[in-house]
>>> print(open('data.pdb').read())   # PDB, C-alpha atoms
ATOM      1  CA  MET A  97      12.848   3.810 -20.535
ATOM      2  CA  ALA A  98      10.096   5.053 -22.844
ATOM      3  CA  GLU A  99      10.740   8.110 -24.934
ATOM      4  CA  VAL A 100       9.716  11.531 -23.690
ATOM      5  CA  LEU A 101       6.328  12.972 -24.573
ATOM      6  CA  ASP A 102       6.348  16.109 -26.684
ATOM      7  CA  VAL A 103       3.453  17.933 -25.042
ATOM      8  CA  SER A 104       3.370  20.569 -27.786
ATOM      9  CA  ALA A 105       2.601  17.820 -30.298
ATOM     10  CA  LEU A 106      -0.598  16.725 -28.529
ATOM     11  CA  ASP A 107      -3.846  17.541 -30.307
ATOM     12  CA  ALA A 108      -6.722  19.289 -28.514
ATOM     13  CA  ASP A 109      -8.162  16.027 -27.183
ATOM     14  CA  GLY A 110      -4.741  14.908 -25.996
ATOM     15  CA  ARG A 111      -4.154  18.190 -24.191
ATOM     16  CA  LYS A 112      -7.561  17.958 -22.535
ATOM     17  CA  ALA A 113      -6.859  14.377 -21.478
ATOM     18  CA  LEU A 114      -3.510  15.338 -19.940
ATOM     19  CA  GLU A 115      -5.106  18.271 -18.134
ATOM     20  CA  ARG A 116      -7.760  15.930 -16.735
ATOM     21  CA  LEU A 117      -5.163  13.442 -15.540
ATOM     22  CA  ILE A 118      -3.025  16.093 -13.851
ATOM     23  CA  LEU A 119      -6.041  17.713 -12.199
ATOM     24  CA  SER A 120      -7.387  14.396 -11.061
ATOM     25  CA  LEU A 121      -4.107  13.501  -9.356
ATOM     26  CA  ALA A 122      -3.452  16.952  -7.911
ATOM     27  CA  ASP A 123      -7.007  17.542  -6.657
ATOM     28  CA  SER A 124      -7.058  14.125  -5.027
ATOM     29  CA  LYS A 125      -3.733  14.827  -3.323
ATOM     30  CA  ARG A 126      -5.001  18.187  -2.095
ATOM     31  CA  LEU A 127      -8.247  16.736  -0.745
ATOM     32  CA  MET A 128      -6.407  13.788   0.817
ATOM     33  CA  GLY A 129      -4.315  16.358   2.682
ATOM     34  CA  ILE A 130      -7.444  18.101   3.904
ATOM     35  CA  ARG A 131      -8.890  14.827   5.154
ATOM     36  CA  TYR A 132      -5.658  14.046   7.017
ATOM     37  CA  SER A 133      -5.627  17.544   8.473
ATOM     38  CA  ASP A 134      -9.134  17.037   9.875
ATOM     39  CA  TRP A 135      -7.624  14.496  12.270
ATOM     40  CA  LEU A 136      -4.574  16.364  13.537
ATOM     41  CA  LEU A 137      -6.232  16.812  16.913
ATOM     42  CA  GLY A 138      -8.498  13.786  16.971
ATOM     43  CA  ALA A 139      -6.115  10.944  16.231
ATOM     44  CA  PRO A 140      -5.880   8.130  18.810
ATOM     45  CA  SER A 141      -2.443   9.156  20.119
ATOM     46  CA  ILE A 142      -0.124  12.153  20.015
ATOM     47  CA  GLU A 143       2.289  10.292  17.762
ATOM     48  CA  THR A 144      -0.489   9.330  15.365
ATOM     49  CA  GLY A 145      -1.674  12.950  15.269
ATOM     50  CA  ILE A 146       1.841  14.103  14.431
ATOM     51  CA  ALA A 147       2.078  11.474  11.709
ATOM     52  CA  THR A 148      -1.284  12.604  10.335
ATOM     53  CA  SER A 149      -0.043  16.196  10.311
ATOM     54  CA  SER A 150       3.083  15.145   8.470
ATOM     55  CA  MET A 151       1.048  13.213   5.908
ATOM     56  CA  ALA A 152      -1.198  16.241   5.339
ATOM     57  CA  GLN A 153       1.893  18.320   4.603
ATOM     58  CA  ASP A 154       3.212  15.621   2.277
ATOM     59  CA  GLU A 155      -0.051  15.552   0.326
ATOM     60  CA  TRP A 156      -0.186  19.333  -0.051
ATOM     61  CA  GLY A 157       3.410  19.384  -1.217
ATOM     62  CA  HIS A 158       2.706  16.624  -3.720
ATOM     63  CA  ALA A 159      -0.395  18.451  -4.949
ATOM     64  CA  ARG A 160       1.579  21.646  -5.496
ATOM     65  CA  LEU A 161       4.168  19.768  -7.556
ATOM     66  CA  VAL A 162       1.524  18.040  -9.671
ATOM     67  CA  TYR A 163      -0.494  21.237 -10.237
ATOM     68  CA  ALA A 164       2.720  22.839 -11.503
ATOM     69  CA  MET A 165       2.756  20.297 -14.354
ATOM     70  CA  LEU A 166      -0.178  22.239 -15.849
ATOM     71  CA  LYS A 167       2.334  24.875 -16.934
ATOM     72  CA  GLU A 168       3.383  22.473 -19.670
ATOM     73  CA  LEU A 169      -0.107  22.963 -21.096
ATOM     74  CA  ASP A 170       0.154  26.749 -20.696
ATOM     75  CA  ILE A 171      -2.348  26.654 -17.846
ATOM     76  CA  ASP A 172      -1.708  28.862 -14.823
ATOM     77  CA  PRO A 173      -1.630  26.524 -11.794
ATOM     78  CA  VAL A 174      -2.209  29.397  -9.359
ATOM     79  CA  ALA A 175      -5.608  30.148 -10.868
ATOM     80  CA  VAL A 176      -6.445  26.451 -10.865
ATOM     81  CA  GLU A 177      -5.506  26.115  -7.209
ATOM     82  CA  HIS A 178      -7.366  29.172  -5.996
ATOM     83  CA  ASP A 179     -10.289  29.992  -8.256
ATOM     84  CA  ARG A 180     -12.341  26.880  -8.878
ATOM     85  CA  ALA A 181     -15.756  25.950  -7.545
ATOM     86  CA  PRO A 182     -16.256  22.556  -5.838
ATOM     87  CA  GLN A 183     -18.144  21.322  -8.927
ATOM     88  CA  GLU A 184     -14.923  21.650 -10.948
ATOM     89  CA  TYR A 185     -12.804  19.452  -8.689
ATOM     90  CA  ALA A 186     -11.611  16.182 -10.168
ATOM     91  CA  SER A 187     -10.696  14.499  -6.872
ATOM     92  CA  ILE A 188     -11.622  10.888  -6.118
ATOM     93  CA  GLY A 189     -15.258  10.711  -4.992
ATOM     94  CA  ALA A 190     -14.366   8.911  -1.763
ATOM     95  CA  LEU A 191     -12.835  12.184  -0.536
ATOM     96  CA  ASP A 192     -15.959  14.298  -1.076
ATOM     97  CA  GLU A 193     -17.140  14.130   2.522
ATOM     98  CA  GLU A 194     -15.315  14.580   5.799
ATOM     99  CA  MET A 195     -14.226  11.259   7.303
ATOM    100  CA  PRO A 196     -16.794  10.605  10.044
ATOM    101  CA  ASP A 197     -14.521   8.516  12.258
ATOM    102  CA  TRP A 198     -10.938   7.328  12.605
ATOM    103  CA  ALA A 199     -11.764   4.006  10.939
ATOM    104  CA  ALA A 200     -12.871   5.866   7.806
ATOM    105  CA  LEU A 201      -9.604   7.792   7.708
ATOM    106  CA  VAL A 202      -7.683   4.519   8.041
ATOM    107  CA  ALA A 203      -9.691   3.054   5.159
ATOM    108  CA  ALA A 204      -8.882   6.165   3.091
ATOM    109  CA  MET A 205      -5.178   5.818   3.960
ATOM    110  CA  VAL A 206      -5.156   2.307   2.553
ATOM    111  CA  LEU A 207      -7.594   2.657  -0.339
ATOM    112  CA  VAL A 208      -7.530   6.253  -1.557
ATOM    113  CA  ASP A 209      -3.924   7.088  -0.757
ATOM    114  CA  GLY A 210      -3.047   3.597  -2.004
ATOM    115  CA  ALA A 211      -4.852   4.160  -5.314
ATOM    116  CA  LEU A 212      -3.131   7.513  -5.738
ATOM    117  CA  THR A 213       0.249   5.915  -5.127
ATOM    118  CA  THR A 214      -0.559   3.164  -7.610
ATOM    119  CA  ALA A 215      -1.447   5.739 -10.269
ATOM    120  CA  LEU A 216       1.575   7.894  -9.487
ATOM    121  CA  ALA A 217       3.956   4.937  -9.669
ATOM    122  CA  SER A 218       2.747   4.327 -13.213
ATOM    123  CA  PHE A 219       2.827   8.066 -13.998
ATOM    124  CA  ALA A 220       6.485   8.181 -12.862
ATOM    125  CA  GLU A 221       7.380   5.472 -15.375
ATOM    126  CA  GLY A 222       5.525   7.147 -18.235
ATOM    127  CA  THR A 223       6.551   9.565 -20.934
ATOM    128  CA  LEU A 224       5.878  12.850 -19.137
ATOM    129  CA  GLU A 225       9.325  14.102 -18.206
ATOM    130  CA  SER A 226       8.226  16.231 -15.248
ATOM    131  CA  ALA A 227       6.480  13.214 -13.702
ATOM    132  CA  ARG A 228       9.642  11.138 -14.020
ATOM    133  CA  GLY A 229      11.569  13.794 -12.185
ATOM    134  CA  ARG A 230       9.116  14.787  -9.465
ATOM    135  CA  VAL A 231       7.090  11.729  -8.587
ATOM    136  CA  PRO A 232       9.765   9.307  -7.248
ATOM    137  CA  LYS A 233      10.318  11.455  -4.128
ATOM    138  CA  MET A 234       6.562  11.487  -3.536
ATOM    139  CA  LEU A 235       6.495   7.706  -3.756
ATOM    140  CA  ALA A 236       9.277   7.451  -1.178
ATOM    141  CA  GLU A 237       7.288   9.630   1.230
ATOM    142  CA  GLU A 238       4.173   7.593   0.563
ATOM    143  CA  GLU A 239       5.888   4.499   1.956
ATOM    144  CA  PHE A 240       5.363   5.937   5.434
ATOM    145  CA  HIS A 241       1.669   6.562   4.706
ATOM    146  CA  ALA A 242       1.272   2.976   3.538
ATOM    147  CA  SER A 243       2.995   1.609   6.652
ATOM    148  CA  LEU A 244       0.805   3.599   8.994
ATOM    149  CA  GLY A 245      -2.354   2.783   7.043
ATOM    150  CA  ALA A 246      -1.636  -0.949   6.973
ATOM    151  CA  ALA A 247      -0.760  -1.064  10.677
ATOM    152  CA  TRP A 248      -3.954   0.716  11.686
ATOM    153  CA  TYR A 249      -6.065  -1.285   9.279
ATOM    154  CA  ARG A 250      -4.725  -4.524  10.793
ATOM    155  CA  ARG A 251      -5.399  -3.281  14.271
ATOM    156  CA  LEU A 252      -8.961  -2.161  13.610
ATOM    157  CA  ALA A 253      -9.800  -5.216  11.516
ATOM    158  CA  ARG A 254      -8.701  -7.513  14.333
ATOM    159  CA  SER A 255     -10.635  -5.626  16.962
ATOM    160  CA  GLU A 256     -14.160  -6.441  17.945
ATOM    161  CA  GLY A 257     -17.205  -4.252  17.972
ATOM    162  CA  ASP A 258     -17.561  -0.766  16.552
ATOM    163  CA  ALA A 259     -14.046  -0.221  15.247
ATOM    164  CA  ARG A 260     -14.181  -3.214  12.948
ATOM    165  CA  ARG A 261     -17.759  -2.502  11.884
ATOM    166  CA  LEU A 262     -16.887   1.101  10.965
ATOM    167  CA  LEU A 263     -13.791  -0.039   9.076
ATOM    168  CA  VAL A 264     -15.770  -2.537   7.024
ATOM    169  CA  ALA A 265     -18.467   0.052   6.264
ATOM    170  CA  ALA A 266     -15.912   2.662   5.186
ATOM    171  CA  THR A 267     -14.022   0.175   3.019
ATOM    172  CA  GLU A 268     -17.193  -0.966   1.288
ATOM    173  CA  ALA A 269     -18.291   2.639   0.768
ATOM    174  CA  MET A 270     -14.970   3.798  -0.718
ATOM    175  CA  LEU A 271     -14.059   0.907  -2.979
ATOM    176  CA  PRO A 272     -16.577   1.634  -5.805
ATOM    177  CA  ASP A 273     -15.303   5.220  -6.223
ATOM    178  CA  VAL A 274     -11.672   4.177  -6.015
ATOM    179  CA  LEU A 275     -12.048   1.326  -8.508
ATOM    180  CA  ALA A 276     -13.949   3.563 -10.937
ATOM    181  CA  TRP A 277     -11.260   6.257 -10.710
ATOM    182  CA  LEU A 278      -8.315   3.923 -11.112
ATOM    183  CA  GLY A 279     -10.037   1.797 -13.726
ATOM    184  CA  ALA A 280     -11.091   4.688 -15.951
ATOM    185  CA  ASP A 281     -11.088   3.393 -19.498
ATOM    186  CA  ASP A 282     -12.873   6.148 -21.416
ATOM    187  CA  ALA A 283     -11.469   8.072 -24.376
ATOM    188  CA  PRO A 284      -9.326  10.543 -22.361
ATOM    189  CA  ALA A 285      -7.890   7.703 -20.252
ATOM    190  CA  ARG A 286      -7.051   5.672 -23.349
ATOM    191  CA  ALA A 287      -5.446   8.726 -24.959
ATOM    192  CA  MET A 288      -3.055   8.961 -22.019
ATOM    193  CA  VAL A 289      -2.266   5.250 -22.229
ATOM    194  CA  GLU A 290      -1.618   5.596 -25.958
ATOM    195  CA  ALA A 291       0.709   8.539 -25.320
ATOM    196  CA  GLY A 292       2.551   6.419 -22.753
ATOM    197  CA  VAL A 293       1.823   8.883 -19.939
ATOM    198  CA  ILE A 294       0.292   6.244 -17.674
ATOM    199  CA  GLY A 295      -0.355   2.504 -17.795
ATOM    200  CA  PRO A 296      -3.586   0.825 -18.901
ATOM    201  CA  ALA A 297      -6.524   0.654 -16.511
ATOM    202  CA  ASP A 298      -6.262  -3.115 -16.172
ATOM    203  CA  ASP A 299      -2.636  -2.838 -15.056
ATOM    204  CA  LEU A 300      -3.431  -0.107 -12.556
ATOM    205  CA  LEU A 301      -6.292  -2.119 -11.111
ATOM    206  CA  ALA A 302      -4.137  -5.248 -10.895
ATOM    207  CA  ASP A 303      -1.400  -3.312  -9.081
ATOM    208  CA  PHE A 304      -3.906  -1.765  -6.700
ATOM    209  CA  ARG A 305      -5.589  -5.069  -5.929
ATOM    210  CA  ALA A 306      -2.214  -6.686  -5.255
ATOM    211  CA  ARG A 307      -1.355  -3.791  -2.966
ATOM    212  CA  VAL A 308      -4.472  -3.921  -0.778
ATOM    213  CA  ARG A 309      -5.744  -7.506  -1.201
ATOM    214  CA  ASP A 310      -4.238  -8.999   1.966
ATOM    215  CA  ILE A 311      -4.933  -5.917   4.046
ATOM    216  CA  VAL A 312      -8.661  -5.617   3.321
ATOM    217  CA  ALA A 313      -9.020  -9.408   3.555
ATOM    218  CA  LEU A 314      -8.477  -8.921   7.286
ATOM    219  CA  ALA A 315     -11.864  -7.208   7.292
ATOM    220  CA  ASP A 316     -13.285 -10.106   5.236
ATOM    221  CA  ILE A 317     -13.472  -7.931   2.130
ATOM    222  CA  ASP A 318     -12.533  -9.446  -1.212
ATOM    223  CA  VAL A 319     -11.094  -6.671  -3.354
ATOM    224  CA  ASP A 320     -11.285  -8.924  -6.426
ATOM    225  CA  ALA A 321     -15.033  -9.249  -6.007
ATOM    226  CA  ALA A 322     -15.588  -5.526  -5.398
ATOM    227  CA  THR A 323     -17.040  -3.613  -8.315
ATOM    228  CA  ALA A 324     -16.533  -0.072  -9.572
ATOM    229  CA  ALA A 325     -19.257   2.555  -9.409
ATOM    230  CA  ASP A 326     -21.312   2.725 -12.616
ATOM    231  CA  ALA A 327     -21.914   6.467 -12.836
ATOM    232  CA  TRP A 328     -19.094   8.446 -14.414
ATOM    233  CA  ASP A 329     -18.288  12.067 -15.201
ATOM    234  CA  GLU A 330     -15.989  11.961 -18.217
ATOM    235  CA  ALA A 331     -15.175  15.672 -18.140
ATOM    236  CA  ARG A 332     -13.517  15.368 -14.720
ATOM    237  CA  GLY A 333     -12.531  11.695 -14.748
ATOM    238  CA  ARG A 334     -14.339  10.787 -11.560
ATOM    239  CA  THR A 335     -17.717   9.638 -10.303
ATOM    240  CA  PRO A 336     -20.422  12.335 -10.180
ATOM    241  CA  GLY A 337     -20.482  14.656  -7.171
ATOM    242  CA  HIS A 338     -17.988  17.050  -5.685
ATOM    243  CA  PRO A 339     -16.191  17.842  -2.446
ATOM    244  CA  ASP A 340     -18.102  19.806   0.172
ATOM    245  CA  GLU A 341     -17.900  23.599   0.035
ATOM    246  CA  HIS A 342     -16.112  23.918   3.367
ATOM    247  CA  ALA A 343     -13.333  21.568   2.305
ATOM    248  CA  VAL A 344     -12.842  23.448  -0.953
ATOM    249  CA  GLU A 345     -12.681  26.779   0.890
ATOM    250  CA  ARG A 346      -9.788  25.292   2.833
ATOM    251  CA  VAL A 347      -8.259  23.741  -0.277
ATOM    252  CA  ARG A 348      -8.281  27.119  -2.013
ATOM    253  CA  GLY A 349      -6.997  28.869   1.087
ATOM    254  CA  ASP A 350      -9.852  31.422   1.011
ATOM    255  CA  LYS A 351      -9.377  32.449   4.620
ATOM    256  CA  ASN A 352      -5.615  32.806   4.235
ATOM    257  CA  ARG A 353      -6.000  34.992   1.176
ATOM    258  CA  ALA A 354      -8.570  37.187   2.934
ATOM    259  CA  LEU A 355      -5.743  38.108   5.320
ATOM    260  CA  PHE A 356      -3.337  39.047   2.530
ATOM    261  CA  VAL A 357      -2.099  42.611   2.677
ATOM    262  CA  GLU A 358      -0.889  43.764  -0.699
TER     263      GLU A 358
ATOM    264  CA  MET B 443      -3.875   1.546  23.919
ATOM    265  CA  LEU B 444      -1.751  -1.580  23.525
ATOM    266  CA  GLU B 445       1.315   0.402  22.573
ATOM    267  CA  LYS B 446       4.972  -0.215  23.281
ATOM    268  CA  VAL B 447       7.725   2.254  23.937
ATOM    269  CA  TYR B 448      10.436   2.581  21.300
ATOM    270  CA  ASP B 449      13.605   4.583  21.829
ATOM    271  CA  VAL B 450      14.750   6.651  18.892
ATOM    272  CA  PHE B 451      18.391   7.039  17.865
ATOM    273  CA  ALA B 452      19.777   9.128  15.051
ATOM    274  CA  ARG B 453      22.907  10.627  13.565
ATOM    275  CA  LYS B 454      22.856  13.872  11.649
ATOM    276  CA  ASP B 455      25.776  13.205   9.353
ATOM    277  CA  ARG B 456      27.729  10.174   8.255
ATOM    278  CA  GLY B 457      30.433   9.582  10.851
ATOM    279  CA  ASP B 458      28.535  11.340  13.664
ATOM    280  CA  GLN B 459      27.794   9.484  16.875
ATOM    281  CA  LEU B 460      24.448   7.753  16.980
ATOM    282  CA  VAL B 461      22.618   9.562  19.788
ATOM    283  CA  HIS B 462      19.418   8.968  21.698
ATOM    284  CA  ILE B 463      16.985  11.687  20.598
ATOM    285  CA  GLY B 464      13.757  10.587  22.275
ATOM    286  CA  TYR B 465      11.074   7.947  22.288
ATOM    287  CA  VAL B 466       7.690   7.193  20.769
ATOM    288  CA  ASP B 467       4.748   4.984  21.627
ATOM    289  CA  ALA B 468       3.759   2.646  18.824
ATOM    290  CA  MET B 469       1.841  -0.540  18.063
ATOM    291  CA  ASP B 470       4.671  -2.294  16.247
ATOM    292  CA  ASP B 471       8.009  -1.782  14.515
ATOM    293  CA  GLU B 472       6.443  -0.386  11.339
ATOM    294  CA  THR B 473       4.361   2.208  13.161
ATOM    295  CA  ALA B 474       7.325   3.060  15.371
ATOM    296  CA  LYS B 475       9.335   3.912  12.257
ATOM    297  CA  VAL B 476       6.597   6.246  11.016
ATOM    298  CA  HIS B 477       6.095   7.879  14.400
ATOM    299  CA  ALA B 478       9.818   8.400  14.910
ATOM    300  CA  TRP B 479      10.349   9.844  11.445
ATOM    301  CA  THR B 480       7.410  12.250  11.694
ATOM    302  CA  THR B 481       7.917  13.229  15.342
ATOM    303  CA  TYR B 482      11.661  13.922  15.248
ATOM    304  CA  ASP B 483      11.741  15.696  11.913
ATOM    305  CA  GLU B 484      13.515  18.846  13.070
ATOM    306  CA  GLU B 485      16.709  17.679  11.373
ATOM    307  CA  ARG B 486      17.533  16.070   8.066
ATOM    308  CA  TRP B 487      18.861  12.924   9.694
ATOM    309  CA  PHE B 488      21.433  10.874   7.857
ATOM    310  CA  GLU B 489      20.305   7.797   9.771
ATOM    311  CA  MET B 490      17.562   7.042  12.243
ATOM    312  CA  CYS B 491      16.597   3.826  13.973
ATOM    313  CA  VAL B 492      14.228   2.683  16.685
ATOM    314  CA  VAL B 493      14.664   0.036  19.366
ATOM    315  CA  GLU B 494      11.881  -1.428  21.419
ATOM    316  CA  ARG B 495      12.722  -0.360  24.944
ATOM    317  CA  THR B 496      12.433  -3.859  26.389
ATOM    318  CA  ALA B 497      15.201  -4.977  23.997
ATOM    319  CA  ILE B 498      17.725  -2.655  25.622
ATOM    320  CA  VAL B 499      19.773  -4.409  28.282
ATOM    321  CA  PRO B 500      20.754  -2.077  31.127
ATOM    322  CA  VAL B 501      24.350  -2.491  32.234
ATOM    323  CA  ASN B 502      24.993  -0.553  35.392
ATOM    324  CA  ARG B 503      21.692   0.781  36.715
ATOM    325  CA  ASP B 504      18.541  -0.888  37.871
ATOM    326  CA  ASP B 505      16.564   2.275  38.527
ATOM    327  CA  GLY B 506      16.440   3.767  35.025
ATOM    328  CA  PRO B 507      13.717   3.590  32.375
ATOM    329  CA  PHE B 508      15.376   0.692  30.548
ATOM    330  CA  ALA B 509      15.591  -1.475  33.661
ATOM    331  CA  LYS B 510      12.005  -0.618  34.527
ATOM    332  CA  ALA B 511      10.892  -1.592  31.035
ATOM    333  CA  GLN B 512      12.702  -4.918  31.352
ATOM    334  CA  ARG B 513      11.142  -5.642  34.727
ATOM    335  CA  ALA B 514       7.687  -4.784  33.372
ATOM    336  CA  ALA B 515       8.250  -7.119  30.420
ATOM    337  CA  ASP B 516       9.557  -9.921  32.642
ATOM    338  CA  HIS B 517       6.457  -9.692  34.782
ATOM    339  CA  GLY B 518       4.237  -9.820  31.745
TER     340      GLY B 518
END
>>> encode(input="data.pdb", output="structure tokens")
Amino acid sequence: MAEVLDVSALDADGRKALERLILSLADSKRLMGIRYSDWLLGAPSIETGIATSSMAQDEWGHARLVYAMLKELDIDPVAVEHDRAPQEYASIGALDEEMPDWAALVAAMVLVDGALTTALASFAEGTLESARGRVPKMLAEEEFHASLGAAWYRRLARSEGDARRLLVAATEAMLPDVLAWLGADDAPARAMVEAGVIGPADDLLADFRARVRDIVALADIDVDAATAADAWDEARGRTPGHPDEHAVERVRGDKNRALFVE
Amino acid sequence: MLEKVYDVFARKDRGDQLVHIGYVDAMDDETAKVHAWTTYDEERWFEMCVVERTAIVPVNRDDGPFAKAQRAADHG
């Protein structure tokens, strides 16, 4: 087991890099939960809707736990959760828009949730003590997400007509964002690798490709041939763009807080 | 939907009886596990398992859901 990171010993760039990593993971978890929640009532069966609801709750719980890691940097997670504009979100670009159909949500289950799990598995083995303690339970819960995603992906990929076509389109649309996010190799990403907080980009990409290779091959997609998006926003550690305003209103809980009675 | 019925069994604590708590529709064993775990989550189960209904052999009744499932499976 690697030694524990002394967060107080990080320089300004190191602190900024850790903040970016935590925000990137937590924002992606929060948005993933929103995208699952969009399908609570539209899933193909009651059981699938219940599973989607459960996964949304898992993601929001995971996000809350990851946001709380910001305290180690003396950043108030409550303000971060509730006061940011969409342009400040560091979530994976593939989650920016509402999933237009069930096939797109299935692709996100496999690719986006899969990429998050890949990153978190590495984060859990790194030097940040809070990640070692909190992330393993998340990974156990994610096993159910992976099972459901793989089962639905197989089913849609083997179908004929629209379902398969939509699945292929969603997979091809999401992969560049996901590969860019997971394969980030800029200065902040390298600082985190050097500090032992997370593994190198090449390792993360190799793990992710191994995880999804056989699944997406069912849709005749070669994950080894897929390429990452070129454009990059180093400040947030994601591709340019941001989640839609409506999703962020829900992420922040604006409506809930409007009902608060002090 | 080409889904199968799975019966769900669980025990709350180690040493408790394994009891039938319900059923779920699912595509396959893996999905059945997810559906069962997320649908019957009102307890912190010590153990849960699912059985495809057609795998249950009825012993003394031929008019119950298990016998009907077997007949349906036998007739393809």
>>> resolve_selection(input="data.pdb", expression="the PyMOL selection byres ((chain A) within 9 of (chain B))", output="list in words")
Pro140, Ser141, Ile142, Glu143, Thr144, Ile146, Ala147, Thr148, Ser149, Ser150, Met151, Phe240, His241, Ser243, Leu244, Ala247, Trp248 and Arg251 of chain A
>>> residues_around(input="data.pdb", residues="region 106-109 of chain A", least_positions_apart="2", cutoff="10 Å", atoms="only C-alpha atoms", output="number ranges by chain")
A: 101-104, 111-115, 169, 283-284, 287, 291
>>> closest_residue(input="data.pdb", among="A:Asp179, A:Asp209, A:Glu256, A:Glu168", to="Val308 (chain A)", atoms="only C-alpha atoms")
A:Asp209
>>> closest_residue(input="data.pdb", among="B:Tyr448, B:Thr496, B:Trp487, B:Gly457", to="His517 (chain B)", atoms="all atoms listed in the file")
B:Thr496
>>> atom_distance(input="data.pdb", atom1="CA of Arg495 (chain B)", atom2="CA of Gln459 (chain B)")
19.7 Å
>>> resolve_selection(input="data.pdb", expression="the PyMOL selection byres ((chain B and resi 491) around 8)", output="ChimeraX atom specification")
/B:450-452,475,489-490,492-493
>>> write_last_selection(input="data.pdb", atoms="C-alpha atoms", output="mmCIF file, keeping the file's coordinate frame")
data_model
loop_
_atom_site.group_PDB
_atom_site.id
_atom_site.type_symbol
_atom_site.label_atom_id
_atom_site.label_comp_id
_atom_site.auth_asym_id
_atom_site.auth_seq_id
_atom_site.Cartn_x
_atom_site.Cartn_y
_atom_site.Cartn_z
ATOM 1 C CA VAL B 450 14.750 6.651 18.892
ATOM 2 C CA PHE B 451 18.391 7.039 17.865
ATOM 3 C CA ALA B 452 19.777 9.128 15.051
ATOM 4 C CA LYS B 475 9.335 3.912 12.257
ATOM 5 C CA GLU B 489 20.305 7.797 9.771
ATOM 6 C CA MET B 490 17.562 7.042 12.243
ATOM 7 C CA VAL B 492 14.228 2.683 16.685
ATOM 8 C CA VAL B 493 14.664 0.036 19.366
#
>>> build_atoms(input="data.pdb", residues="region 472-484 of chain B", atoms="N, CA and C atoms", output="compact mmCIF listing (two decimals), keeping the file's coordinate frame")
# COMPACT_ATOMS: atom_id res chain seq x y z
N GLU B 472 6.76 -1.22 12.50
CA GLU B 472 6.44 -0.39 11.34
C GLU B 472 5.88 0.96 11.76
N THR B 473 4.95 0.94 12.70
CA THR B 473 4.36 2.21 13.16
C THR B 473 5.41 3.02 13.91
N ALA B 474 6.27 2.34 14.64
CA ALA B 474 7.32 3.06 15.37
C ALA B 474 8.21 3.83 14.39
N LYS B 475 8.51 3.23 13.26
CA LYS B 475 9.34 3.91 12.26
C LYS B 475 8.64 5.19 11.78
N VAL B 476 7.34 5.07 11.50
CA VAL B 476 6.60 6.25 11.02
C VAL B 476 6.54 7.32 12.09
N HIS B 477 6.21 6.90 13.32
CA HIS B 477 6.10 7.88 14.40
C HIS B 477 7.43 8.58 14.66
N ALA B 478 8.50 7.80 14.65
CA ALA B 478 9.82 8.40 14.91
C ALA B 478 10.18 9.40 13.80
N TRP B 479 9.95 8.99 12.58
CA TRP B 479 10.35 9.84 11.44
C TRP B 479 9.53 11.13 11.42
N THR B 480 8.24 11.04 11.76
CA THR B 480 7.41 12.25 11.69
C THR B 480 7.51 13.09 12.97
N THR B 481 7.84 12.46 14.09
CA THR B 481 7.92 13.23 15.34
C THR B 481 9.25 13.97 15.45
N TYR B 482 10.33 13.31 15.09
CA TYR B 482 11.66 13.92 15.25
C TYR B 482 12.17 14.39 13.89
N ASP B 483 11.40 15.27 13.28
CA ASP B 483 11.74 15.70 11.91
C ASP B 483 12.38 17.08 11.88
N GLU B 484 12.93 17.50 13.04
CA GLU B 484 13.52 18.85 13.07
C GLU B 484 14.87 18.90 12.35
